[in-house]
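Enquirer: Sharing run_35.cif (mmCIF, C-alpha atoms) below.
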data_coords
loop_
_atom_site.label_atom_id
_atom_site.label_comp_id
_atom_site.auth_asym_id
_atom_site.auth_seq_id
_atom_site.Cartn_x
_atom_site.Cartn_y
_atom_site.Cartn_z
CA MET O 27 -20.29 26.21 54.72
CA LYS O 28 -16.80 25.49 55.80
CA ASN O 29 -14.52 23.51 53.42
CA GLN O 30 -13.12 20.56 55.33
CA GLY O 31 -10.62 19.55 52.57
CA PHE O 32 -9.55 16.05 51.53
CA THR O 33 -9.99 13.61 54.38
CA PRO O 34 -8.98 9.97 54.81
CA HIS O 35 -12.63 9.11 54.43
CA HIS O 36 -12.64 10.58 50.91
CA PHE O 37 -9.48 8.64 50.05
CA ASN O 38 -11.11 5.36 51.10
CA ILE O 39 -14.14 6.07 48.92
CA ILE O 40 -12.00 6.83 45.83
CA GLN O 41 -9.82 3.78 46.40
CA GLY O 42 -12.90 1.59 46.62
CA LEU O 43 -14.23 2.97 43.34
CA LYS O 44 -10.89 2.32 41.63
CA ASN O 45 -10.92 -1.28 42.78
CA LYS O 46 -14.41 -1.76 41.47
CA ILE O 47 -13.64 -0.19 38.07
CA TYR O 48 -10.14 -1.50 37.27
CA LEU O 49 -9.61 -4.63 39.28
CA ARG O 50 -12.91 -6.27 38.67
CA PRO O 51 -12.32 -9.33 36.43
CA ILE O 52 -14.10 -9.40 33.06
CA ILE O 53 -15.84 -12.70 32.42
CA LEU O 54 -17.07 -13.52 28.90
CA LYS O 55 -20.45 -15.15 28.80
CA ASN O 56 -19.50 -17.66 26.11
CA GLY O 57 -16.01 -18.38 27.38
CA GLY O 58 -12.74 -17.27 25.72
CA GLY O 59 -10.15 -18.63 23.21
CA PHE O 60 -10.48 -21.52 20.76
CA THR O 61 -11.14 -25.16 21.37
CA LEU O 62 -8.75 -27.72 19.88
CA ILE O 63 -11.34 -28.81 17.31
CA GLU O 64 -11.91 -25.21 16.16
CA LEU O 65 -8.17 -24.69 15.85
CA LEU O 66 -7.79 -27.85 13.74
CA ILE O 67 -10.66 -26.77 11.49
CA TYR O 68 -9.10 -23.34 10.94
CA ILE O 69 -5.70 -24.89 10.16
CA ALA O 70 -7.33 -27.29 7.67
CA ILE O 71 -9.17 -24.45 5.91
CA VAL O 72 -6.07 -22.26 5.65
CA GLY O 73 -3.98 -25.25 4.48
CA THR O 74 -6.51 -26.11 1.77
CA ILE O 75 -6.56 -22.53 0.50
CA LEU O 76 -2.74 -22.42 0.38
CA VAL O 77 -2.57 -25.73 -1.51
CA LEU O 78 -5.14 -24.54 -4.06
CA MET O 79 -3.37 -21.22 -4.57
CA THR O 80 0.03 -22.92 -4.94
CA GLY O 81 -1.39 -25.34 -7.51
CA PHE O 82 -3.03 -22.50 -9.42
CA PHE O 83 0.16 -20.45 -9.69
CA TRP O 84 2.24 -23.55 -10.48
CA ASN O 85 -0.09 -24.37 -13.40
CA ILE O 86 0.29 -20.82 -14.68
CA ALA O 87 4.09 -21.14 -14.56
CA LEU O 88 4.04 -24.51 -16.35
CA GLY O 89 1.70 -23.13 -19.01
CA TYR O 90 4.05 -20.20 -19.60
CA ILE O 91 7.05 -22.52 -20.04
CA LYS O 92 5.14 -24.80 -22.43
CA GLU O 93 3.96 -21.82 -24.48
CA ASN O 94 7.56 -20.60 -24.78
CA SER O 95 8.63 -24.10 -25.86
CA TYR O 96 6.08 -24.09 -28.71
CA GLN O 97 7.06 -20.56 -29.72
CA GLU O 98 10.70 -21.58 -29.96
CA LEU O 99 9.78 -24.57 -32.15
CA GLN O 100 7.67 -22.39 -34.44
CA GLN O 101 10.42 -19.77 -34.78
CA ASN O 102 12.99 -22.44 -35.64
CA GLY O 103 10.60 -24.11 -38.08
CA ARG O 104 9.74 -20.86 -39.87
CA PHE O 105 13.40 -19.91 -40.26
CA ALA O 106 14.43 -23.38 -41.50
CA LEU O 107 11.59 -23.57 -44.05
CA MET O 108 12.26 -20.03 -45.26
CA LYS O 109 15.96 -20.78 -45.82
CA MET O 110 15.22 -24.04 -47.64
CA GLU O 111 12.58 -22.38 -49.83
CA GLN O 112 15.00 -19.59 -50.76
CA GLU O 113 17.73 -22.02 -51.81
CA ILE O 114 15.36 -24.38 -53.65
CA LYS O 115 13.91 -21.52 -55.69
CA LYS O 116 17.45 -20.39 -56.63
CA ALA O 117 18.49 -23.89 -57.74
CA ARG O 118 18.76 -25.02 -61.36
CA GLY O 119 17.91 -28.59 -60.59
CA ILE O 120 17.54 -31.35 -58.00
CA ILE O 121 20.48 -33.76 -57.79
CA ALA O 122 18.97 -36.00 -55.10
CA PRO O 123 16.56 -37.52 -54.42
CA MET O 124 15.58 -38.67 -57.88
CA PRO O 125 12.05 -37.93 -59.24
CA GLY O 126 9.45 -39.98 -57.36
CA SER O 127 11.90 -40.82 -54.56
CA THR O 128 12.18 -39.76 -50.91
CA ALA O 129 15.39 -39.22 -48.90
CA ASN O 130 16.46 -37.64 -45.62
CA ASN O 131 18.74 -35.18 -47.41
CA LEU O 132 18.36 -32.82 -50.35
CA SER O 133 21.10 -32.01 -52.86
CA LEU O 134 20.62 -29.07 -55.24
CA GLU O 135 22.47 -27.86 -58.32
CA MET O 136 22.78 -24.11 -57.91
CA ALA O 137 23.07 -21.38 -60.53
CA ASN O 138 26.16 -20.12 -58.70
CA PRO O 139 28.93 -22.75 -59.25
CA SER O 140 30.64 -21.85 -55.95
CA LEU O 141 27.52 -23.06 -54.11
CA ASN O 142 27.41 -26.46 -55.83
CA PRO O 143 26.17 -28.68 -54.45
CA THR O 144 23.89 -27.17 -51.80
CA ILE O 145 22.92 -29.91 -49.36
CA PHE O 146 20.35 -29.96 -46.55
CA ASP O 147 20.69 -32.80 -44.05
CA LEU O 148 20.52 -33.77 -40.37
CA ASN O 149 23.41 -34.03 -37.96
CA GLU O 150 22.66 -35.15 -34.39
CA GLY O 151 19.12 -33.80 -34.57
CA LYS O 152 20.09 -30.43 -36.08
CA LEU O 153 19.13 -29.30 -39.55
CA ARG O 154 22.13 -27.95 -41.43
CA ILE O 155 23.07 -26.58 -44.84
CA THR O 156 26.35 -27.05 -46.71
CA GLN O 157 27.07 -25.03 -49.83
CA GLY O 158 29.97 -26.00 -52.09
CA THR O 159 33.24 -26.22 -50.21
CA ASN O 160 32.03 -23.84 -47.50
CA PRO O 161 31.64 -25.22 -43.96
CA PHE O 162 28.12 -26.21 -42.95
CA TYR O 163 26.03 -24.12 -40.61
CA GLU O 164 23.04 -25.15 -38.54
CA LEU O 165 19.54 -23.82 -39.16
CA THR O 166 18.09 -24.86 -35.78
CA THR O 167 19.14 -24.07 -32.21
CA ASP O 168 20.54 -26.40 -29.56
CA ARG O 169 17.15 -26.58 -27.80
CA VAL O 170 15.36 -27.98 -30.86
CA VAL O 171 15.60 -31.55 -32.14
CA VAL O 172 14.68 -32.22 -35.77
CA GLY O 173 13.39 -35.68 -36.66
CA ASN O 174 11.69 -37.52 -39.52
CA LEU O 175 13.22 -35.16 -42.08
CA GLN O 176 12.07 -36.20 -45.56
CA PHE O 177 12.52 -34.67 -48.98
CA THR O 178 10.31 -36.02 -51.75
CA ASN O 179 11.08 -35.18 -55.35
CA LEU O 180 7.71 -34.52 -57.01
CA SER O 181 9.20 -33.35 -60.31
CA TYR O 182 7.72 -34.22 -63.66
CA THR O 183 9.58 -34.33 -66.95
CA GLU O 184 10.16 -30.98 -68.64
CA THR O 185 9.45 -29.06 -65.40
CA PRO O 186 11.95 -27.09 -63.24
CA GLY O 187 11.27 -29.42 -60.30
CA THR O 188 9.23 -29.61 -57.13
CA VAL O 189 10.23 -30.76 -53.65
CA ARG O 190 8.00 -31.64 -50.70
CA ILE O 191 9.61 -31.10 -47.29
CA GLU O 192 8.40 -32.87 -44.15
CA MET O 193 9.91 -32.77 -40.67
CA VAL O 194 9.07 -32.95 -36.98
CA LEU O 195 10.52 -30.45 -34.52
CA SER O 196 10.64 -31.33 -30.81
CA HIS O 197 11.88 -29.33 -27.86
CA LEU O 198 15.00 -30.70 -26.16
CA ASN O 199 13.85 -32.42 -22.97
CA PRO O 200 16.55 -34.65 -21.42
CA GLY O 201 14.80 -34.62 -18.03
CA GLY O 202 11.43 -35.72 -19.43
CA LEU O 203 9.69 -32.71 -17.88
CA ILE O 204 6.08 -32.27 -18.96
CA GLU O 205 6.42 -28.52 -19.54
CA TYR O 206 9.06 -29.14 -22.25
CA GLN O 207 7.12 -31.88 -24.04
CA ALA O 208 6.36 -29.97 -27.22
CA SER O 209 6.56 -30.95 -30.89
CA ILE O 210 5.22 -29.69 -34.21
CA ASN O 211 4.91 -31.23 -37.68
CA LEU O 212 5.88 -29.09 -40.66
CA THR O 213 5.11 -29.78 -44.32
CA THR O 214 5.56 -27.57 -47.36
CA THR O 215 6.06 -27.92 -51.10
CA VAL O 216 8.47 -25.72 -53.06
CA SER O 217 8.97 -25.42 -56.82
CA LEU O 218 12.18 -24.37 -58.53
CA PHE O 219 12.23 -21.36 -60.85
CA GLU O 220 12.84 -21.95 -64.53
CA GLY O 221 16.62 -21.84 -65.04
CA GLY O 222 17.25 -20.99 -61.38
CA ALA O 223 18.40 -17.66 -60.02
CA SER O 224 21.17 -15.70 -61.66
CA PRO O 225 24.66 -16.42 -60.28
#
Could you express the structure from this file as structure tokens?
Expert:
Amino acid sequence: MKNQGFTPHHFNIIQGLKNKIYLRPIILKNGGGFTLIELLIYIAIVGTILVLMTGFFWNIALGYIKENSYQELQQNGRFALMKMEQEIKKARGIIAPMPGSTANNLSLEMANPSLNPTIFDLNEGKLRITQGTNPFYELTTDRVVVGNLQFTNLSYTETPGTVRIEMVLSHLNPGGLIEYQASINLTTTVSLFEGGASP
């Protein structure tokens, strides 16, 4: 059989097949795209999820800040009580307040004359100690406010002396932000050693 080669008739057949395969429009049975209502529903769902996630992470951040605020108060309170207990136990006697009385400052007679008197008091919301003629130094940081400081002399006659300490520590919060609204109450009782510590 003789090969006749590629004829215009063959070209027309191939071209027709190409048109049928590639140029035929594809029509979806159910239509294409989104309706306006579907789009609004999707936007509402995504917006709700974003709002919930933002609120969740914001609450975590606020909780972390509040936890740090309480930790700072506790650290300040522990240090202040430890320092006061150390000095009270080294004292020979309580100068003020008098037995059975309560005051917002404590004055101690120390075994070391150069530390007489040792005084604990408040200055602009900060707990401080002054020993003898030495300059005072603060026992709490700038971010902590000490309030309701009370020293009660619980001493009985013929005893070295006993002092009850009460105070409230609050976190500094000039802006009134809820995450910094933290306060703790501290109470302890300390007894002096017989004769005080050696100078």
Enquirer: Env of region 132-140 of chain O: 8 Å cut, atoms = only C-alpha atoms, seq-sep filter 2 positions within chain, self excluded. Answer as an NGL selection string.
Expert: :O and (114 or 116-123 or 129-130 or 142-147 or 157-159 or 177 or 221-225)
Enquirer: O:Glu111, O:Glu98, O:Glu64, O:Glu220: which is nearest Leu198 (chain O), counting all atoms listed in the file?
Expert: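 Using all atoms listed in the file, the shortest distance to Leu198 (chain O) belongs to O:Glu98.
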Enquirer: Please evaluate the PyMOL selection byres ((chain O and resi 193) around 7) against the displayed coordinates and give the resulting residues as number ranges by chain.
Expert: O: 172-176, 191-192, 194-195, 211-213
Enquirer: Could you state the separation of CA of Met108 (chain O) and CA of Thr215 (chain O) in Å, given to one decimal place?
Expert: 11.6 Å
Enquirer: With the file shown as input, list the residues that the PyMOL selection byres ((chain O and resi 216) around 6) selects, as a PyMOL selection string.
Expert: chain O and resi 188-189+215+217
Enquirer: Where does the PyMOL selection byres ((chain O and resi 127) around 8) land in this file, that is, which residues does it pick, as a PDB file with C-alpha atoms, keeping the file's coordinate frame?
Expert:
ATOM      1  CA  PRO O 123      16.560 -37.520 -54.420  1.00  0.00           C
ATOM      2  CA  MET O 124      15.580 -38.670 -57.880  1.00  0.00           C
ATOM      3  CA  PRO O 125      12.050 -37.930 -59.240  1.00  0.00           C
ATOM      4  CA  GLY O 126       9.450 -39.980 -57.360  1.00  0.00           C
ATOM      5  CA  THR O 128      12.180 -39.760 -50.910  1.00  0.00           C
ATOM      6  CA  ALA O 129      15.390 -39.220 -48.900  1.00  0.00           C
ATOM      7  CA  THR O 178      10.310 -36.020 -51.750  1.00  0.00           C
ATOM      8  CA  ASN O 179      11.080 -35.180 -55.350  1.00  0.00           C
ATOM      9  CA  LEU O 180       7.710 -34.520 -57.010  1.00  0.00           C
TER      10      LEU O 180
END
Enquirer: As an exercise, work out the distance from CA of Leu165 (chain O) to CA of Ile91 (chain O) in Å and give it to one decimal place.
Expert: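 Calculated distance between CA of Leu165 (chain O) and CA of Ile91 (chain O) is 22.9 Å.
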Enquirer: Quick one: 4 Å padding each side, axis-aligned, all listed atoms of region 87-90 of chain O - centre and edge lengths in Å to one decimal, as AutoDock Vina command-line options?
Expert:
--center_x 2.9 --center_y -22.4 --center_z -17.1 --size_x 10.4 --size_y 12.3 --size_z 13.0
Enquirer: When distances are computed from all atoms listed in the file, which of O:Ser209, O:Thr156, O:Asn94, O:Asn102 shows the smallest separation from Asp168 (chain O)?
Expert: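 Nearest to Asp168 (chain O): O:Asn102.
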